[in-house]
Amino acid sequence: MRPFRLTALPLCLLLAAGAPAMAETQVPATGAQIALSFAPVVRAAAPAVVSIYARRVVATRPSPFADDPFFSRFFDFGPAVPRVQNALGSGVILRADGIVVTNFHVVADAEEIRVVLTDAREFDGEVLLADRDLDLAVIRLQGARDLPALALADSDGAEVGDLVLAIGNPFGVGQTVTSGIVSAHARGGRAGAPGGAGGQQGYFIQTDAAVNPGNSGGALVDLSGRLLGINTMILTRSGGSNGIGFAIPANLVGQYVAQAEAGATRFVRPWAGIDVQPVDTDLAEALGLPAPGGVVIRDLHPESPFAAAGLRTGDVITLIDGQAVNGPAELDYRLTVLGPEARARVSYRRDGTETVADVALSPAPPGEEPLTLGAGSAFAGLTLAPLDAALIDRLGLPLATKGVVVAGVAGPARGTGLRPGDVLTAINGTPVSAPPEVAGLTTPGARDWTIDLLRNGQRAVLRLSGG
């Protein structure tokens, strides 16, 4: 795909080719019209976009079967071999004292971070806050002051067709600027991240401005030189740009940076406690709605703030603070940018009537402390946590799910094949919903064990022999 450029074709060439002249076509008459350029925007925004070099040490296993609990019983694969891995990405300075935002996958597990500005100044960076799910990280540059910084745009005000610039360091060739438009917004889903870092679920601005590996964490700016989004992913089969790039909206970036500057050790999201489904044509007809749109509530947790505000199953949420909501990812995004202690004006339809509710947002209610099984259990070393509202939300499980979550595996429990994140639902046919129940059902003895569990949202059965 060729870069987008503003061009003007002289009218005389059109006439020479026999093409009819259109009334709205004009020959450039002034120097300003001839010199149409993005250069003023680039001069204002580019100095605040930096290159980030991250160094991490990773353990390379000698065999793909080295971590398998079955094969490791019979073969000695030897220790993991440490290997230095270097990562390259981009970042954006948001504060003159050196607050930089980038992607999580650029600095994940980094032992050393070096940040280079366009004027060749270099700074060491330390991570203040990082979140894998959002693919965002905030870095503080040590000893920095009076740096160029970008202001945040209102990303909700971006319209499809708006001109944008993507600024970053693709493939390590140096700072590069590409141009394009906002191709779409309200994009929720999963796509491949630049540099082969995988992907994440979220809500994005889509652009056709060329974004390639190394652009991760760079700026998507509007023509006022403000940050519209953080470039994070591309949709690609070849590893290069196909003109389908995704950026994390600036409004979400602003909420994330605010929590980092407030000293948060983890990013806190509001908890909805509801399970929703997009309203398509068939569902709109079944619900008696005039047109598709919004999300219908399929289930509510008893402690949900939406339930406390009077909403119930079957209600169709249409707006959050005046912004349309047409899918689960969009609902999560609208609530997240408001913050965990905010109040949301929620518009919803019930029985053909539009109603507005004031919902007091809050984080998910805290659960009980995990329990580590001791020598009195056949699964000693297994750390278990009750499946509370926060864990249900984090694991993306149905609200009615019952069970116990594996929080850690150590000692003899390593031989079970259980993994952190597994949800135990039954042991030898007996349902479990609390860690002490698991302890009572796993007393030592020569017997077989059948464990029903959920792994990555899928049902599975694990059979073990205690003999």
# chains A, B, ... in the order shown; residues from 1 in each chain; ligands from 1
$ select_by_dssp --residues "range 254-436 of chain A" --states "strand (DSSP E or B)" --output "JSON, numbers by chain"
{"A": [274, 275, 276, 277, 278, 295, 296, 297, 298, 299, 300, 316, 317, 318, 319, 320, 323, 324, 343, 344, 345, 346, 347, 348, 349, 350, 353, 354, 355, 356, 357, 358, 359, 360, 371, 372, 382, 383, 384, 385, 386, 404, 405, 406, 407, 408, 409, 423, 424, 425, 426, 427, 430, 431]}
$ select_by_dssp --residues "range 311-452 of chain A" --states "helix (DSSP H, G or I)" --output "PyMOL selection string"
chain A and resi 328-338+389-395+411-416+435-441
$ write_last_selection --atoms "C-alpha atoms" --output "compact mmCIF listing (two decimals), in the first residue's frame"
# COMPACT_ATOMS: atom_id res chain seq x y z
CA PRO A 328 -19.03 -6.50 25.79
CA ALA A 329 -15.58 -5.04 24.96
CA GLU A 330 -17.12 -1.61 24.43
CA LEU A 331 -18.99 -1.84 27.75
CA ASP A 332 -15.76 -2.74 29.57
CA TYR A 333 -13.95 0.13 27.86
CA ARG A 334 -16.60 2.74 28.71
CA LEU A 335 -16.53 1.75 32.37
CA THR A 336 -12.72 1.52 32.54
CA VAL A 337 -12.11 5.05 31.25
CA LEU A 338 -14.47 6.40 33.94
CA ALA A 389 -16.35 -12.16 41.99
CA ALA A 390 -12.91 -10.72 41.20
CA LEU A 391 -11.54 -14.05 39.96
CA ILE A 392 -14.66 -14.78 37.92
CA ASP A 393 -14.17 -11.42 36.21
CA ARG A 394 -10.42 -11.91 35.69
CA LEU A 395 -10.83 -15.42 34.24
CA GLY A 411 6.14 -29.39 46.19
CA PRO A 412 4.41 -32.74 45.61
CA ALA A 413 1.55 -30.97 43.86
CA ARG A 414 3.83 -30.40 40.85
CA GLY A 415 3.21 -34.00 39.84
CA THR A 416 -0.54 -33.50 39.50
CA PRO A 435 -10.35 -24.64 49.60
CA PRO A 436 -11.06 -26.52 52.89
CA GLU A 437 -13.41 -28.81 50.96
CA VAL A 438 -10.54 -29.76 48.65
CA ALA A 439 -8.32 -30.42 51.66
CA GLY A 440 -10.94 -32.74 53.13
CA LEU A 441 -11.35 -34.70 49.90
$ residues_around --residues "Ala108 in chain A" --least-positions-apart "5" --cutoff "9 Å" --atoms "only C-alpha atoms" --output "PyMOL selection string"
chain A and resi 54+56+103+130+132+137
$ closest_residue --among "A:Ala110, A:Thr30, A:Arg145, A:Leu228" --to "Ala45 in chain A" --atoms "only C-alpha atoms"
A:Leu228
$ closest_residue --among "A:Ala410, A:Val41, A:Ala434, A:Leu283" --to "Ser224 in chain A" --atoms "only C-alpha atoms"
A:Val41
$ atom_distance --atom1 "CA of Phe38 in chain A" --atom2 "CA of Ser179 in chain A"
8.7 Å
$ atom_distance --atom1 "CA of Val405 in chain A" --atom2 "CA of Val127 in chain A"
29.1 Å
$ atom_distance --atom1 "CA of Ala385 in chain A" --atom2 "CA of Gly367 in chain A"
8.4 Å
$ residues_around --residues "Ile99 in chain A" --least-positions-apart "3" --cutoff "8 Å" --atoms "only C-alpha atoms" --output "PDB file with C-alpha atoms, in the first residue's frame"
ATOM      1  CA  ILE A  93       6.433  11.217  26.624  1.00  0.00           C
ATOM      2  CA  LEU A  94       3.329  12.527  28.401  1.00  0.00           C
ATOM      3  CA  ARG A  95       4.961  14.592  31.156  1.00  0.00           C
ATOM      4  CA  ALA A  96       7.932  16.932  31.003  1.00  0.00           C
ATOM      5  CA  VAL A 138       4.221   3.481  32.235  1.00  0.00           C
ATOM      6  CA  ILE A 139       7.950   4.245  32.553  1.00  0.00           C
ATOM      7  CA  ARG A 140       9.687   6.978  34.512  1.00  0.00           C
ATOM      8  CA  LEU A 141      12.900   8.319  32.973  1.00  0.00           C
TER       9      LEU A 141
END
$ residues_around --residues "Ala247 in chain A" --least-positions-apart "4" --cutoff "6 Å" --atoms "only C-alpha atoms" --output "PDB file with C-alpha atoms, in the first residue's frame"
ATOM      1  CA  PHE A 204      -9.187  -0.119  19.709  1.00  0.00           C
ATOM      2  CA  ILE A 205      -9.015   2.645  17.138  1.00  0.00           C
ATOM      3  CA  GLY A 229      -3.837   6.531  20.726  1.00  0.00           C
ATOM      4  CA  ILE A 230      -0.901   4.210  21.430  1.00  0.00           C
ATOM      5  CA  ASN A 231      -0.109   1.954  18.457  1.00  0.00           C
ATOM      6  CA  THR A 232      -0.199  -1.609  19.657  1.00  0.00           C
TER       7      THR A 232
END
$ residues_around --residues "Gln255 in chain A" --least-positions-apart "4" --cutoff "12 Å" --atoms "only C-alpha atoms" --output "short mmCIF file (atom, residue, chain, number, x, y, z; two decimals) with C-alpha atoms, in the first residue's frame"
data_model
loop_
_atom_site.label_atom_id
_atom_site.label_comp_id
_atom_site.auth_asym_id
_atom_site.auth_seq_id
_atom_site.Cartn_x
_atom_site.Cartn_y
_atom_site.Cartn_z
CA VAL A 101 3.75 5.35 28.11
CA LEU A 134 -4.33 -3.81 28.41
CA LEU A 136 0.14 -0.79 28.53
CA VAL A 138 4.22 3.48 32.23
CA LEU A 152 -3.98 13.77 25.16
CA ILE A 248 -5.27 1.92 22.36
CA PRO A 249 -7.50 5.03 22.72
CA ALA A 250 -6.06 8.06 24.50
CA ASN A 251 -8.93 8.20 27.00
CA GLN A 259 -3.35 5.54 38.33
CA ALA A 260 0.39 5.05 37.72
CA GLU A 261 1.16 8.61 38.85
CA ALA A 262 -1.01 8.06 41.95
CA ALA A 264 -0.91 2.24 42.05
CA PHE A 267 -4.35 -1.14 37.38
CA VAL A 268 -7.80 -1.22 38.97
CA ARG A 269 -10.86 -1.49 36.76
CA PRO A 270 -14.48 -0.98 37.70
CA TYR A 333 -13.95 0.13 27.86
CA ARG A 334 -16.60 2.74 28.71
CA LEU A 335 -16.53 1.75 32.37
CA THR A 336 -12.72 1.52 32.54
CA VAL A 337 -12.11 5.05 31.25
CA LEU A 338 -14.47 6.40 33.94
CA GLY A 339 -12.38 4.89 36.74
CA PRO A 340 -13.06 2.45 39.59
CA GLU A 341 -14.73 4.98 41.91
CA ALA A 342 -16.77 6.96 39.38
#
$ residues_around --residues "Asp299 in chain A" --least-positions-apart "6" --cutoff "6 Å" --atoms "only C-alpha atoms" --output "ChimeraX atom specification"
/A:274-275,313
$ closest_residue --among "A:Thr102, A:Thr318, A:Thr383, A:Ser90" --to "Asn212 in chain A" --atoms "only C-alpha atoms"
A:Ser90
$ closest_residue --among "A:Ile244, A:Ala426, A:Val100, A:Ala324" --to "Tyr348 in chain A" --atoms "only C-alpha atoms"
A:Ala324
$ closest_residue --among "A:Arg343, A:Arg447, A:Lys402, A:Arg455" --to "Gly421 in chain A" --atoms "only C-alpha atoms"
A:Arg455
$ closest_residue --among "A:Ile113, A:Ala166, A:Ala284, A:Gly202" --to "Asp133 in chain A" --atoms "only C-alpha atoms"
A:Gly202
$ closest_atom_pairs --of "range 398-444 of chain A" --to "range 301-311 of chain A" --cutoff "12 Å" --atoms "only C-alpha atoms" --output "CSV"
residue,atom,partner,partner_atom,distance
A:Pro398,CA,A:His301,CA,9.7
A:Leu399,CA,A:His301,CA,6.1
A:Ala400,CA,A:His301,CA,7.8
A:Thr401,CA,A:His301,CA,10.7
$ write_last_selection --atoms "N, CA and C atoms" --output "short mmCIF file (atom, residue, chain, number, x, y, z; two decimals), in the first residue's frame"
data_model
loop_
_atom_site.label_atom_id
_atom_site.label_comp_id
_atom_site.auth_asym_id
_atom_site.auth_seq_id
_atom_site.Cartn_x
_atom_site.Cartn_y
_atom_site.Cartn_z
N PRO A 398 -18.46 -17.54 33.35
CA PRO A 398 -19.86 -17.21 33.63
C PRO A 398 -20.06 -16.86 35.09
N LEU A 399 -20.96 -15.91 35.36
CA LEU A 399 -21.13 -15.41 36.73
C LEU A 399 -21.57 -16.50 37.71
N ALA A 400 -22.23 -17.54 37.23
CA ALA A 400 -22.74 -18.58 38.12
C ALA A 400 -21.73 -19.69 38.36
N THR A 401 -20.51 -19.56 37.85
CA THR A 401 -19.51 -20.61 38.00
C THR A 401 -19.15 -20.83 39.47
#
